[in-house]
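Q: For reference, the file start_29.cif (mmCIF, C-alpha atoms and all ligand atoms) is included below:
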```cif
data_model
#
loop_
_atom_site.label_atom_id
_atom_site.label_comp_id
_atom_site.auth_asym_id
_atom_site.auth_seq_id
_atom_site.Cartn_x
_atom_site.Cartn_y
_atom_site.Cartn_z
CA MET A 1 -6.82 0.85 23.15
CA THR A 2 -7.07 -2.82 24.18
CA ASP A 3 -3.73 -4.48 24.86
CA ARG A 4 -5.32 -7.88 25.31
CA THR A 5 -7.47 -9.99 23.02
CA GLN A 6 -8.48 -13.58 22.39
CA VAL A 7 -7.15 -13.70 18.81
CA GLY A 8 -4.39 -11.41 17.58
CA VAL A 9 -4.35 -11.38 13.76
CA ILE A 10 -1.24 -10.06 12.01
CA GLY A 11 -2.01 -8.81 8.50
CA ALA A 12 -5.13 -7.38 6.83
CA GLY A 13 -4.84 -9.26 3.53
CA PRO A 14 -7.56 -11.64 2.30
CA ALA A 15 -6.76 -14.30 4.94
CA GLY A 16 -6.57 -11.94 7.91
CA MET A 17 -9.67 -9.96 6.99
CA LEU A 18 -11.92 -12.93 6.26
CA LEU A 19 -10.81 -14.58 9.51
CA ALA A 20 -11.46 -11.39 11.48
CA VAL A 21 -14.95 -10.89 10.01
CA LEU A 22 -15.97 -14.49 10.75
CA LEU A 23 -14.60 -14.38 14.32
CA ARG A 24 -16.19 -11.03 15.09
CA ARG A 25 -19.58 -12.19 13.82
CA ALA A 26 -19.38 -15.28 16.05
CA GLY A 27 -18.58 -13.14 19.10
CA VAL A 28 -14.87 -14.04 19.35
CA ASP A 29 -12.76 -11.08 20.40
CA CYS A 30 -9.99 -10.22 17.97
CA VAL A 31 -7.60 -7.43 16.96
CA VAL A 32 -6.10 -7.06 13.48
CA LEU A 33 -2.70 -5.41 13.11
CA GLU A 34 -1.76 -4.08 9.66
CA ARG A 35 1.52 -2.33 8.91
CA ARG A 36 0.14 -0.42 5.88
CA ASP A 37 -2.63 2.19 5.75
CA ARG A 38 -6.19 1.56 4.57
CA GLU A 39 -5.68 3.34 1.26
CA TYR A 40 -2.68 1.17 0.42
CA ILE A 41 -4.29 -2.21 1.06
CA SER A 42 -7.48 -1.17 -0.76
CA HIS A 43 -5.47 -0.53 -3.94
CA ARG A 44 -2.77 -3.23 -3.85
CA ALA A 45 -3.38 -5.09 -7.14
CA ARG A 46 -2.62 -8.83 -7.08
CA GLY A 47 -4.92 -11.74 -7.91
CA ALA A 48 -8.47 -11.58 -9.21
CA THR A 49 -9.62 -15.12 -9.95
CA VAL A 50 -12.11 -16.26 -7.32
CA GLU A 51 -13.16 -19.90 -7.22
CA HIS A 52 -16.82 -20.94 -7.18
CA ARG A 53 -16.63 -22.44 -3.68
CA VAL A 54 -15.04 -19.25 -2.29
CA VAL A 55 -17.85 -17.21 -3.86
CA GLN A 56 -20.37 -19.53 -2.20
CA LEU A 57 -18.61 -19.08 1.14
CA LEU A 58 -18.62 -15.28 0.84
CA ARG A 59 -22.25 -15.37 -0.22
CA ARG A 60 -23.27 -17.41 2.82
CA HIS A 61 -21.83 -14.71 5.04
CA GLY A 62 -23.37 -11.83 3.08
CA LEU A 63 -19.91 -10.72 1.90
CA ALA A 64 -20.35 -11.23 -1.86
CA ASP A 65 -22.78 -8.42 -2.79
CA ASN A 66 -20.19 -6.23 -4.57
CA LEU A 67 -18.46 -9.24 -6.09
CA LEU A 68 -21.72 -10.54 -7.57
CA ARG A 69 -22.74 -7.07 -8.76
CA THR A 70 -19.50 -5.94 -10.38
CA GLY A 71 -17.42 -9.10 -10.84
CA ALA A 72 -17.42 -10.98 -14.12
CA VAL A 73 -18.27 -14.65 -14.51
CA GLU A 74 -15.61 -16.64 -16.30
CA ASP A 75 -16.57 -20.02 -17.71
CA ALA A 76 -13.79 -20.74 -20.20
CA VAL A 77 -10.01 -20.64 -20.51
CA GLU A 78 -8.04 -20.40 -23.72
CA PHE A 79 -4.66 -21.84 -24.64
CA ARG A 80 -2.66 -20.67 -27.65
CA LEU A 81 0.13 -22.38 -29.51
CA GLY A 82 1.64 -21.92 -32.95
CA GLY A 83 -0.86 -19.27 -34.03
CA ARG A 84 -3.87 -21.42 -33.09
CA ARG A 85 -6.31 -21.06 -30.23
CA TYR A 86 -7.51 -23.96 -28.10
CA PRO A 87 -10.57 -22.80 -26.16
CA VAL A 88 -11.71 -24.90 -23.20
CA ARG A 89 -15.23 -24.31 -21.90
CA TYR A 90 -15.87 -25.35 -18.30
CA GLU A 91 -19.22 -26.96 -19.11
CA PRO A 92 -20.35 -29.70 -19.43
CA LEU A 93 -17.51 -31.11 -17.27
CA ALA A 94 -17.37 -28.55 -14.43
CA ALA A 95 -20.66 -29.42 -12.70
CA GLY A 96 -22.08 -25.91 -12.87
CA ARG A 97 -18.98 -24.23 -11.43
CA SER A 98 -17.28 -21.15 -12.81
CA HIS A 99 -14.78 -18.48 -11.74
CA TYR A 100 -15.49 -14.90 -10.82
CA ILE A 101 -13.07 -12.17 -11.79
CA TYR A 102 -13.00 -9.70 -8.94
CA PRO A 103 -9.73 -7.96 -8.03
CA GLN A 104 -8.32 -9.07 -4.70
CA GLN A 105 -7.97 -5.50 -3.43
CA PHE A 106 -11.72 -4.96 -3.96
CA LEU A 107 -12.48 -7.98 -1.79
CA VAL A 108 -10.05 -6.77 0.89
CA ARG A 109 -11.79 -3.37 0.79
CA ASP A 110 -15.22 -5.08 1.18
CA LEU A 111 -13.99 -7.19 4.11
CA VAL A 112 -12.44 -4.17 5.85
CA GLU A 113 -15.73 -2.30 5.48
CA ALA A 114 -17.70 -5.27 6.83
CA TYR A 115 -15.36 -5.72 9.81
CA LEU A 116 -15.26 -2.06 10.76
CA GLY A 117 -19.03 -1.85 10.20
CA ASP A 118 -19.44 -4.65 12.77
CA GLY A 119 -17.34 -2.61 15.24
CA GLY A 120 -14.13 -4.63 14.70
CA ASP A 121 -10.73 -3.48 16.01
CA LEU A 122 -8.37 -2.99 13.03
CA ARG A 123 -5.18 -1.03 13.63
CA PHE A 124 -3.61 0.36 10.46
CA GLU A 125 0.03 1.45 10.31
CA THR A 126 0.75 -0.88 13.21
CA ALA A 127 3.51 -3.33 12.39
CA ALA A 128 4.22 -6.47 14.37
CA ALA A 129 7.94 -6.79 15.07
CA GLY A 130 7.90 -10.25 16.67
CA ILE A 131 5.94 -12.71 18.78
CA VAL A 132 7.11 -14.17 22.09
CA ASP A 133 5.98 -16.94 24.45
CA LEU A 134 4.32 -18.94 21.69
CA THR A 135 3.78 -21.99 23.87
CA GLY A 136 2.46 -20.02 26.83
CA GLN A 137 0.53 -16.73 26.77
CA PRO A 138 1.73 -15.21 23.50
CA ARG A 139 2.47 -11.53 23.07
CA ILE A 140 2.82 -9.69 19.79
CA GLN A 141 5.57 -7.12 20.06
CA LEU A 142 4.82 -3.99 18.05
CA ALA A 143 7.34 -1.99 16.08
CA ASP A 144 6.37 1.12 18.08
CA GLY A 145 7.36 -0.62 21.32
CA GLY A 146 3.85 -1.67 22.47
CA GLU A 147 2.60 -5.20 23.04
CA LEU A 148 -0.62 -7.09 22.42
CA ARG A 149 -1.34 -10.03 24.72
CA CYS A 150 -3.37 -12.80 23.08
CA ASP A 151 -4.71 -16.29 23.74
CA VAL A 152 -3.96 -17.19 20.14
CA VAL A 153 -1.93 -15.42 17.44
CA VAL A 154 -2.64 -15.93 13.74
CA GLY A 155 0.07 -15.01 11.26
CA CYS A 156 -1.71 -13.81 8.10
CA ASP A 157 1.21 -11.56 7.24
CA GLY A 158 2.08 -12.95 3.84
CA GLU A 159 5.26 -14.19 2.24
CA TYR A 160 7.60 -11.77 4.01
CA GLY A 161 5.86 -11.38 7.38
CA VAL A 162 7.29 -11.87 10.86
CA ALA A 163 5.09 -14.69 12.17
CA ARG A 164 6.87 -17.61 10.53
CA GLY A 165 10.22 -16.27 11.70
CA ALA A 166 9.02 -16.19 15.33
CA VAL A 167 8.93 -20.00 15.46
CA PRO A 168 12.09 -21.60 16.92
CA ALA A 169 14.48 -22.98 14.30
CA GLY A 170 13.68 -26.56 13.35
CA ALA A 171 10.09 -26.54 14.63
CA LEU A 172 8.61 -25.97 11.15
CA ARG A 173 9.73 -27.75 8.02
CA GLY A 174 9.80 -25.60 4.90
CA THR A 175 9.69 -27.52 1.62
CA GLY A 176 10.26 -25.32 -1.39
CA TYR A 177 10.89 -25.30 -5.10
CA GLN A 178 12.44 -22.55 -7.21
CA TYR A 179 11.66 -22.43 -10.94
CA ASP A 180 14.53 -21.46 -13.21
CA TYR A 181 12.64 -18.55 -14.77
CA ALA A 182 10.57 -15.60 -13.55
CA TRP A 183 7.47 -13.78 -14.77
CA LEU A 184 7.26 -10.14 -15.62
CA SER A 185 3.87 -8.91 -14.37
CA VAL A 186 2.31 -6.05 -16.30
CA LEU A 187 -0.78 -4.07 -15.32
CA ALA A 188 -2.17 -1.93 -18.14
CA ASP A 189 -4.98 0.59 -18.46
CA ALA A 190 -6.27 -1.31 -21.45
CA PRO A 191 -9.61 -3.05 -21.95
CA PRO A 192 -9.30 -6.83 -21.85
CA SER A 193 -8.52 -8.44 -25.19
CA SER A 194 -10.42 -11.58 -24.24
CA ASP A 195 -13.31 -12.46 -21.92
CA CYS A 196 -11.34 -15.36 -20.46
CA VAL A 197 -7.78 -16.13 -19.34
CA ILE A 198 -5.38 -16.77 -22.23
CA ASN A 199 -2.34 -18.98 -21.62
CA ALA A 200 -0.03 -18.79 -24.64
CA LEU A 201 2.69 -21.42 -24.98
CA HIS A 202 5.54 -20.02 -27.03
CA GLU A 203 9.15 -20.94 -27.71
CA SER A 204 10.19 -17.51 -26.45
CA GLY A 205 8.34 -18.11 -23.18
CA ALA A 206 4.79 -18.08 -21.85
CA CYS A 207 2.42 -15.14 -22.07
CA VAL A 208 -0.70 -15.02 -19.89
CA HIS A 209 -3.49 -12.50 -20.25
CA VAL A 210 -6.07 -12.01 -17.48
CA ARG A 211 -8.81 -9.41 -17.44
CA ARG A 212 -9.15 -7.38 -14.28
CA THR A 213 -11.92 -4.83 -14.87
CA PRO A 214 -13.54 -3.49 -18.08
CA THR A 215 -10.66 -1.00 -18.34
CA VAL A 216 -7.70 -2.84 -16.79
CA SER A 217 -5.78 -5.89 -18.03
CA ARG A 218 -3.01 -8.00 -16.49
CA PHE A 219 -0.33 -9.71 -18.57
CA TYR A 220 2.49 -12.00 -17.53
CA LEU A 221 5.57 -12.70 -19.64
CA GLN A 222 7.95 -15.52 -18.82
CA CYS A 223 11.44 -14.03 -18.55
CA ALA A 224 14.89 -14.84 -17.23
CA ARG A 225 15.38 -14.80 -13.45
CA THR A 226 18.14 -12.26 -13.86
CA GLU A 227 15.88 -9.74 -15.60
CA THR A 228 14.20 -6.84 -13.84
CA ALA A 229 11.39 -4.47 -14.81
CA ALA A 230 14.10 -2.04 -16.02
CA ASP A 231 14.97 -4.53 -18.80
CA TRP A 232 11.42 -4.25 -20.11
CA PRO A 233 10.56 -0.80 -21.50
CA ASP A 234 6.92 -0.45 -22.58
CA GLU A 235 7.68 -0.90 -26.32
CA ARG A 236 9.46 -4.20 -25.64
CA ILE A 237 6.56 -5.41 -23.47
CA TRP A 238 3.86 -4.72 -26.09
CA LYS A 239 6.01 -6.14 -28.90
CA GLU A 240 6.65 -9.37 -27.00
CA ILE A 241 3.02 -9.72 -25.91
CA GLY A 242 2.02 -9.29 -29.56
CA ILE A 243 4.45 -12.00 -30.67
CA ARG A 244 3.56 -14.53 -28.01
CA LEU A 245 -0.23 -14.09 -28.29
CA ALA A 246 -0.24 -13.92 -32.12
CA LEU A 247 -2.91 -15.86 -34.01
CA ASP A 248 -3.21 -16.94 -37.65
CA GLU A 249 -6.63 -15.30 -37.70
CA PRO A 250 -7.89 -11.75 -37.09
CA TRP A 251 -7.57 -10.76 -33.46
CA THR A 252 -7.09 -7.42 -31.68
CA LEU A 253 -4.69 -6.86 -28.81
CA HIS A 254 -5.92 -3.84 -26.84
CA THR A 255 -3.01 -1.78 -25.60
CA GLY A 256 -2.85 1.22 -23.28
CA PRO A 257 -0.67 2.95 -20.71
CA ILE A 258 1.20 0.52 -18.47
CA SER A 259 0.53 1.41 -14.83
CA ALA A 260 2.80 -1.13 -13.09
CA THR A 261 5.43 -3.73 -13.88
CA GLY A 262 7.35 -6.04 -11.60
CA THR A 263 9.06 -9.40 -11.64
CA VAL A 264 7.48 -12.29 -9.79
CA ARG A 265 9.79 -14.96 -8.39
CA MET A 266 8.33 -18.26 -9.44
CA ARG A 267 8.60 -20.38 -6.36
CA SER A 268 6.61 -22.74 -4.21
CA LEU A 269 6.89 -23.21 -0.48
CA VAL A 270 4.95 -25.12 2.16
CA CYS A 271 5.63 -24.79 5.90
CA GLU A 272 4.59 -27.73 8.00
CA PRO A 273 2.81 -27.88 10.33
CA MET A 274 0.82 -24.65 10.00
CA ARG A 275 0.87 -24.29 13.77
CA TYR A 276 3.36 -23.92 16.58
CA GLY A 277 1.91 -23.76 20.12
CA SER A 278 -0.58 -20.90 20.15
CA LEU A 279 0.57 -19.52 16.78
CA PHE A 280 -1.32 -20.50 13.62
CA LEU A 281 -0.25 -19.61 10.09
CA ALA A 282 -2.67 -18.92 7.24
CA GLY A 283 -2.37 -17.92 3.58
CA ASP A 284 0.97 -16.89 2.10
CA ALA A 285 2.53 -16.90 5.57
CA ALA A 286 2.25 -20.71 5.43
CA HIS A 287 2.45 -21.56 1.74
CA ILE A 288 3.27 -19.91 -1.55
CA VAL A 289 2.31 -20.92 -5.07
CA PRO A 290 3.25 -19.19 -8.33
CA PRO A 291 0.33 -17.18 -9.78
CA VAL A 292 -0.49 -19.61 -12.64
CA GLY A 293 -3.87 -21.25 -11.99
CA GLY A 294 -4.98 -18.55 -9.53
CA LYS A 295 -4.68 -20.63 -6.36
CA GLY A 296 -2.87 -18.38 -3.81
CA PHE A 297 -5.72 -16.01 -3.03
CA ASN A 298 -8.25 -18.85 -2.87
CA LEU A 299 -6.10 -21.00 -0.58
CA ALA A 300 -5.66 -18.02 1.75
CA LEU A 301 -9.44 -17.55 2.02
CA ALA A 302 -10.04 -21.27 2.53
CA ASP A 303 -7.41 -21.35 5.33
CA ALA A 304 -9.19 -18.43 7.00
CA GLN A 305 -12.53 -20.18 6.90
CA GLU A 306 -11.21 -23.43 8.39
CA LEU A 307 -9.27 -21.61 11.09
CA ALA A 308 -12.27 -19.45 11.96
CA LEU A 309 -14.41 -22.55 12.49
CA GLY A 310 -11.78 -24.08 14.78
CA LEU A 311 -11.29 -20.89 16.79
CA ILE A 312 -15.06 -20.36 17.13
CA ASP A 313 -15.41 -23.91 18.51
CA ARG A 314 -12.62 -23.22 20.99
CA PHE A 315 -13.78 -19.84 22.22
CA THR A 316 -17.54 -20.40 22.21
CA ALA A 317 -17.76 -24.11 23.16
CA GLY A 318 -14.35 -25.00 24.65
CA ASP A 319 -13.95 -27.63 21.91
CA ASP A 320 -10.44 -27.87 20.42
CA ARG A 321 -10.96 -30.78 18.06
CA ARG A 322 -11.41 -28.79 14.86
CA LEU A 323 -8.60 -26.39 15.73
CA ASP A 324 -6.25 -29.30 16.42
CA GLY A 325 -7.06 -30.68 12.97
CA TYR A 326 -6.53 -27.35 11.18
CA SER A 327 -2.99 -27.94 9.97
CA ALA A 328 -3.56 -31.48 8.67
CA ALA A 329 -6.84 -30.56 7.00
CA ARG A 330 -5.38 -27.55 5.22
CA LEU A 331 -2.06 -29.18 4.27
CA ALA A 332 -3.90 -31.90 2.36
CA ARG A 333 -5.56 -29.17 0.26
CA VAL A 334 -2.40 -27.10 -0.01
CA TRP A 335 -0.35 -30.00 -1.36
CA ARG A 336 -3.08 -30.85 -3.85
CA ALA A 337 -2.95 -27.25 -5.07
CA GLN A 338 0.84 -27.40 -5.22
CA GLU A 339 0.68 -30.51 -7.39
CA PHE A 340 -1.81 -28.87 -9.74
CA VAL A 341 0.10 -25.60 -10.00
CA HIS A 342 3.38 -27.45 -10.64
CA TRP A 343 1.66 -29.40 -13.44
CA MET A 344 0.23 -26.22 -14.90
CA MET A 345 3.55 -24.37 -14.65
CA ASN A 346 5.04 -27.13 -16.81
CA LEU A 347 2.15 -26.91 -19.25
CA VAL A 348 2.24 -23.14 -19.74
CA ASN A 349 5.89 -22.17 -19.36
CA THR A 350 8.59 -22.99 -21.87
CA PRO A 351 10.93 -25.31 -19.97
CA GLY A 352 14.68 -25.32 -20.22
CA TYR A 353 14.70 -22.01 -22.06
CA GLY A 354 18.13 -21.42 -23.61
CA THR A 355 19.37 -24.99 -23.01
CA ALA A 356 19.98 -27.85 -25.45
CA ASP A 357 16.93 -29.68 -24.01
CA ALA A 358 14.58 -26.84 -24.88
CA PRO A 359 13.28 -28.08 -28.30
CA PHE A 360 12.41 -31.54 -26.91
CA ARG A 361 10.78 -30.14 -23.82
CA HIS A 362 8.76 -27.65 -25.87
CA ARG A 363 7.41 -30.53 -28.00
CA VAL A 364 6.43 -32.41 -24.83
CA GLN A 365 4.68 -29.25 -23.66
CA ALA A 366 2.75 -29.12 -26.96
CA ALA A 367 1.86 -32.82 -26.66
CA ARG A 368 0.47 -32.19 -23.18
CA LEU A 369 -1.77 -29.44 -24.53
CA ALA A 370 -2.93 -31.72 -27.36
CA ARG A 371 -3.83 -34.39 -24.81
CA LEU A 372 -5.74 -31.85 -22.72
CA VAL A 373 -7.78 -30.75 -25.70
CA ASP A 374 -8.33 -34.26 -27.11
CA SER A 375 -9.09 -36.33 -24.01
CA PRO A 376 -12.36 -35.65 -22.11
CA ALA A 377 -11.04 -37.63 -19.12
CA TYR A 378 -7.85 -35.57 -18.94
CA LEU A 379 -9.84 -32.37 -19.39
CA ALA A 380 -12.26 -33.32 -16.60
CA ALA A 381 -9.34 -33.90 -14.22
CA PHE A 382 -7.84 -30.53 -15.21
CA LEU A 383 -11.13 -28.69 -14.65
CA GLU A 384 -11.69 -30.34 -11.29
CA ASP A 385 -8.58 -28.65 -9.96
CA TYR A 386 -8.58 -25.50 -12.10
CA VAL A 387 -12.15 -24.47 -11.31
CA GLY A 388 -11.93 -25.74 -7.73
CA TRP A 389 -12.90 -29.12 -6.37
C1 LIG B 1 1.58 -10.17 -8.86
C2 LIG B 1 0.76 -11.18 -8.15
C3 LIG B 1 -0.35 -11.75 -8.81
C4 LIG B 1 -1.11 -12.70 -8.19
N1 LIG B 1 -2.17 -13.25 -8.88
C5 LIG B 1 -2.96 -14.15 -8.26
C6 LIG B 1 -4.14 -14.68 -8.92
O1 LIG B 1 -4.46 -14.35 -10.06
N2 LIG B 1 -4.92 -15.54 -8.23
C7 LIG B 1 -4.60 -15.94 -6.97
O2 LIG B 1 -5.34 -16.75 -6.39
N3 LIG B 1 -3.51 -15.47 -6.31
C8 LIG B 1 -2.70 -14.57 -6.92
N4 LIG B 1 -1.61 -14.08 -6.28
C9 LIG B 1 -1.33 -14.55 -4.91
C10 LIG B 1 -2.21 -13.84 -3.91
O3 LIG B 1 -2.12 -12.45 -4.10
C11 LIG B 1 -1.76 -14.22 -2.49
O4 LIG B 1 -1.78 -15.61 -2.38
C12 LIG B 1 -2.66 -13.58 -1.42
O5 LIG B 1 -2.45 -12.20 -1.37
C13 LIG B 1 -2.39 -14.18 -0.04
O6 LIG B 1 -3.18 -13.52 0.89
P1 LIG B 1 -2.68 -13.39 2.40
O7 LIG B 1 -3.80 -12.74 3.14
O8 LIG B 1 -2.17 -14.68 2.88
O9 LIG B 1 -1.40 -12.45 2.35
P2 LIG B 1 -1.18 -10.90 1.80
O10 LIG B 1 -2.25 -10.63 0.81
O11 LIG B 1 0.20 -10.87 1.44
O12 LIG B 1 -1.49 -10.06 3.09
C14 LIG B 1 -0.57 -9.96 4.16
C15 LIG B 1 -0.83 -8.67 4.90
O13 LIG B 1 0.02 -8.62 6.04
C16 LIG B 1 0.58 -7.31 6.17
N5 LIG B 1 1.81 -7.45 6.95
C17 LIG B 1 2.98 -8.02 6.56
N6 LIG B 1 3.89 -7.98 7.56
C18 LIG B 1 3.28 -7.37 8.61
C19 LIG B 1 3.69 -7.04 9.91
N7 LIG B 1 4.93 -7.31 10.35
N8 LIG B 1 2.80 -6.42 10.74
C20 LIG B 1 1.55 -6.12 10.31
N9 LIG B 1 1.10 -6.40 9.07
C21 LIG B 1 1.95 -7.04 8.22
C22 LIG B 1 0.77 -6.89 4.72
O14 LIG B 1 0.88 -5.48 4.60
C23 LIG B 1 -0.49 -7.44 4.07
O15 LIG B 1 -1.56 -6.52 4.13
C24 LIG B 1 -0.81 -13.11 -6.86
C25 LIG B 1 0.27 -12.53 -6.18
C26 LIG B 1 1.05 -11.59 -6.81
C27 LIG B 1 2.21 -11.00 -6.07
#
```
Show me this structure written as structure tokens.
Ligand SMILES: Cc1cc2nc3c(=O)[nH]c(=O)nc-3n(C[C@H](O)[C@H](O)[C@H](O)COP(=O)(O)OP(=O)(O)OC[C@H]3O[C@@H](n4cnc5c(N)ncnc54)[C@H](O)[C@@H]3O)c2cc1C
A:
Amino acid sequence: MTDRTQVGVIGAGPAGMLLAVLLRRAGVDCVVLERRDREYISHRARGATVEHRVVQLLRRHGLADNLLRTGAVEDAVEFRLGGRRYPVRYEPLAAGRSHYIYPQQFLVRDLVEAYLGDGGDLRFETAAAGIVDLTGQPRIQLADGGELRCDVVVGCDGEYGVARGAVPAGALRGTGYQYDYAWLSVLADAPPSSDCVINALHESGACVHVRRTPTVSRFYLQCARTETAADWPDERIWKEIGIRLALDEPWTLHTGPISATGTVRMRSLVCEPMRYGSLFLAGDAAHIVPPVGGKGFNLALADAQELALGLIDRFTAGDDRRLDGYSAARLARVWRAQEFVHWMMNLVNTPGYGTADAPFRHRVQAARLARLVDSPAYLAAFLEDYVGW
């Protein structure tokens, strides 16, 4: 087992695996450390909305075959309010772009297969416990007592990983925002009730419906931050989904056994810069967005691509210019996504729930939706960010 590599990657999520595949194919030596086993990461259900440009990127590298074969094209989004539907088709304003619906865990599984098929070194059930000597010759300390010496370490270890915490206090600035509500996430063995995302604005709180596969659906219900999954028995979930998605016209909500529920903290965070010495951060390790708008997974993959290009220049041509620009280049995109997601959070979620301001703020929310539907210019700006610029 190698205890030395050029690039030590912590985390085999979307960011870590895409980075590893691209580095390996360019001849850059790397080792991926993943604390979970292969079975676990191949079944961990999270996002599923893949942007057009990410599909193009995967396609260029021959990594999109399964996605294109089994994923579903999505070219519309629907809003609901007051029993009415407000469908928004991407064309003619989206310049030929669309989304693909392909569960994140399927893409991780494809990337793991590609990397191992190329002879890549991926160590499952190997947790990083810390990183030392970040401004010299960094070493990843393993939970089992071993060490991996690296030229560069990339923290792709998600929201709760160890990489960010290895940076000395004060060297990174974390700018965050906490919303005053949460979302209950619900995964159900039920066929999708719509062939596009539904965002329902409702006085009781938002309800979002996203298809996953022909037999699995995801729902989100806005709820209080103090609530937990235990407060939401299955009957309450289906009743509330029915109320919030209700239409004044015939429509069928497909129900089925609920396979998983959980509460999602609705928060945003950006760590700047996305580098300290020889440590680089990518994906959720560097920035977090709430799930509305489907940006987290796509940002993670875009970080991986940019970082791969910089690392390939360094290790194959001795050229550090792209790598040195990584943080600034990605932060510009990350902040743009943060702005869009914050706007969309305020469009979809019922603000000030339970406060005296709530009726006014709900009317403003409704006026924003009316503007989106009525104004082609406003709609074009929305689609530019929603579908991916
Ligand atoms: C319920 C939910 C729904 C979501 N829906 C969407 C959506 O619709 N669209 C969208 O774009 N995004 C969505 N997201 C966000 C998206 O899932 C994340 O942005 C994405 O997973 C980030 O990828 P990543 O590779 O940066 O991190 P992760 O996917 O978190 O991967 C990190 C990896 O690092 C491993 N790891 C952690 N610590 C260590 C350690 N110490 N040592 C070794 N390995 C470690 C973890 O096991 C994991 O495999 C959703 C997230 C959640 C939670």
Q: Within 7 Å of ligand LIG 1 (chain B), counting only C-alpha atoms and all ligand atoms: which residues, as a ChimeraX atom specification?
A: /A:10-16,33-36,41,46-50,126-129,156-162,185,264,282-285,288,291,293-298,300
Q: Between A:Val153, A:Leu184, A:Ala143, A:Ala200, which one has atoms that come closest to Gly277 of chain A, using only C-alpha atoms?
A: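 When distances to Gly277 of chain A are compared using only C-alpha atoms, the smallest one comes from A:Val153.
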Q: With a distance cut-off of 12 Å and all atoms listed in the file, select the neighbouring residues of Arg361 of chain A, excluding the residue or stretch itself and same-chain residues fewer than 4 positions from it, and output the selection as a PyMOL selection string.
A: chain A and resi 201-203+346-357+365-368
Q: Do a neighbour search on Gly325 of chain A at 12 Å with all atoms listed in the file, toss out local chain neighbours closer than 4 positions, and write the hits as a PDB file with C-alpha atoms, in the coordinates of the input.
A:
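Output file part_17.pdb follows:
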```
ATOM      1  CA  PRO A 273       2.810 -27.880  10.330  1.00  0.00           C
ATOM      2  CA  MET A 274       0.820 -24.650  10.000  1.00  0.00           C
ATOM      3  CA  ARG A 275       0.870 -24.290  13.770  1.00  0.00           C
ATOM      4  CA  PHE A 280      -1.320 -20.500  13.620  1.00  0.00           C
ATOM      5  CA  GLU A 306     -11.210 -23.430   8.390  1.00  0.00           C
ATOM      6  CA  LEU A 307      -9.270 -21.610  11.090  1.00  0.00           C
ATOM      7  CA  LEU A 309     -14.410 -22.550  12.490  1.00  0.00           C
ATOM      8  CA  GLY A 310     -11.780 -24.080  14.780  1.00  0.00           C
ATOM      9  CA  LEU A 311     -11.290 -20.890  16.790  1.00  0.00           C
ATOM     10  CA  ASP A 319     -13.950 -27.630  21.910  1.00  0.00           C
ATOM     11  CA  ASP A 320     -10.440 -27.870  20.420  1.00  0.00           C
ATOM     12  CA  ARG A 321     -10.960 -30.780  18.060  1.00  0.00           C
ATOM     13  CA  ALA A 329      -6.840 -30.560   7.000  1.00  0.00           C
ATOM     14  CA  ARG A 330      -5.380 -27.550   5.220  1.00  0.00           C
ATOM     15  CA  LEU A 331      -2.060 -29.180   4.270  1.00  0.00           C
ATOM     16  CA  ALA A 332      -3.900 -31.900   2.360  1.00  0.00           C
TER      17      ALA A 332
END
```
Q: Which value, in Å to one decimal, gives the distance between atom CA of Pro103 of chain A and atom CA of Arg265 of chain A?
A: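 Result for atom CA of Pro103 of chain A versus atom CA of Arg265 of chain A: 20.7 Å, one decimal.
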Q: Do you know which residues lie at most 6 Å from (6.3, -2.8, -14.5), with coordinates as in the file and only C-alpha atoms counted, and could you write them as a list in words?
A: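 Collected hits near the coordinates: Val186, Ala229, Ala260, Thr261 and Gly262 of chain A.
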Q: Quick one: of A:Gly117, A:Gly146, A:Pro87, A:Pro92, who's nearest to Ser194 of chain A, counting all atoms listed in the file?
A: A:Pro87
Q: Show which residues sit within 7 Å of Val292 of chain A, as a list in words. Count only C-alpha atoms, and ignore same-chain residues fewer than 2 positions away.
A: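 Contacts, with the query itself left out: Pro290, Gly294, Val341 and Met345 of chain A.
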Q: Tell me which of A:Arg322, A:Arg211, A:His287, A:Arg24 sits closest to Arg164 of chain A, counting all atoms listed in the file.
A: A:His287
Q: Smallest atom-to-atom distance to Thr175 of chain A: which of A:Ala337, A:Leu281, A:Val77, A:Val270, using all atoms listed in the file?
A: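 Closest residue, counting all atoms listed in the file: A:Val270.
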Q: Between atom CA of Asp324 of chain A and atom CA of Val28 of chain A, what is the distance in Å, rounded to a tenth?
A: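 Separation between atom CA of Asp324 of chain A and atom CA of Val28 of chain A: 17.8 Å.
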Q: Give me, please, the distance in Å between atom CA of Asp385 of chain A and atom CA of Phe340 of chain A, quoted to one decimal.
A: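 These atoms are spaced 6.8 Å apart.
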Q: Set the distance at 9 Å and use only C-alpha atoms: which residues neighbour Leu269 of chain A once local chain neighbours fewer than 4 positions away are removed? I'd like the list as a list in words.
A: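 Result of the neighbour search: Gly174, Thr175, Gly176, Tyr177, Gln178, Ala286, His287, Ile288, Val289 and Gln338 of chain A.
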Q: Do you know which residues are at most 9 Å from Gly388 of chain A counting all atoms listed in the file, after dropping those on the same chain fewer than 3 positions away, and could you put them as a PyMOL selection string?
A: chain A and resi 51-53+97-99+295+383-385
Q: Using all atoms listed in the file, which residue out of A:Thr213, A:Ser42, A:Gln222, A:Ser193 lies closest to Thr255 of chain A?
A: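 Of A:Thr213, A:Ser42, A:Gln222, A:Ser193, the one nearest Thr255 of chain A, counting all atoms listed in the file, is A:Ser193.
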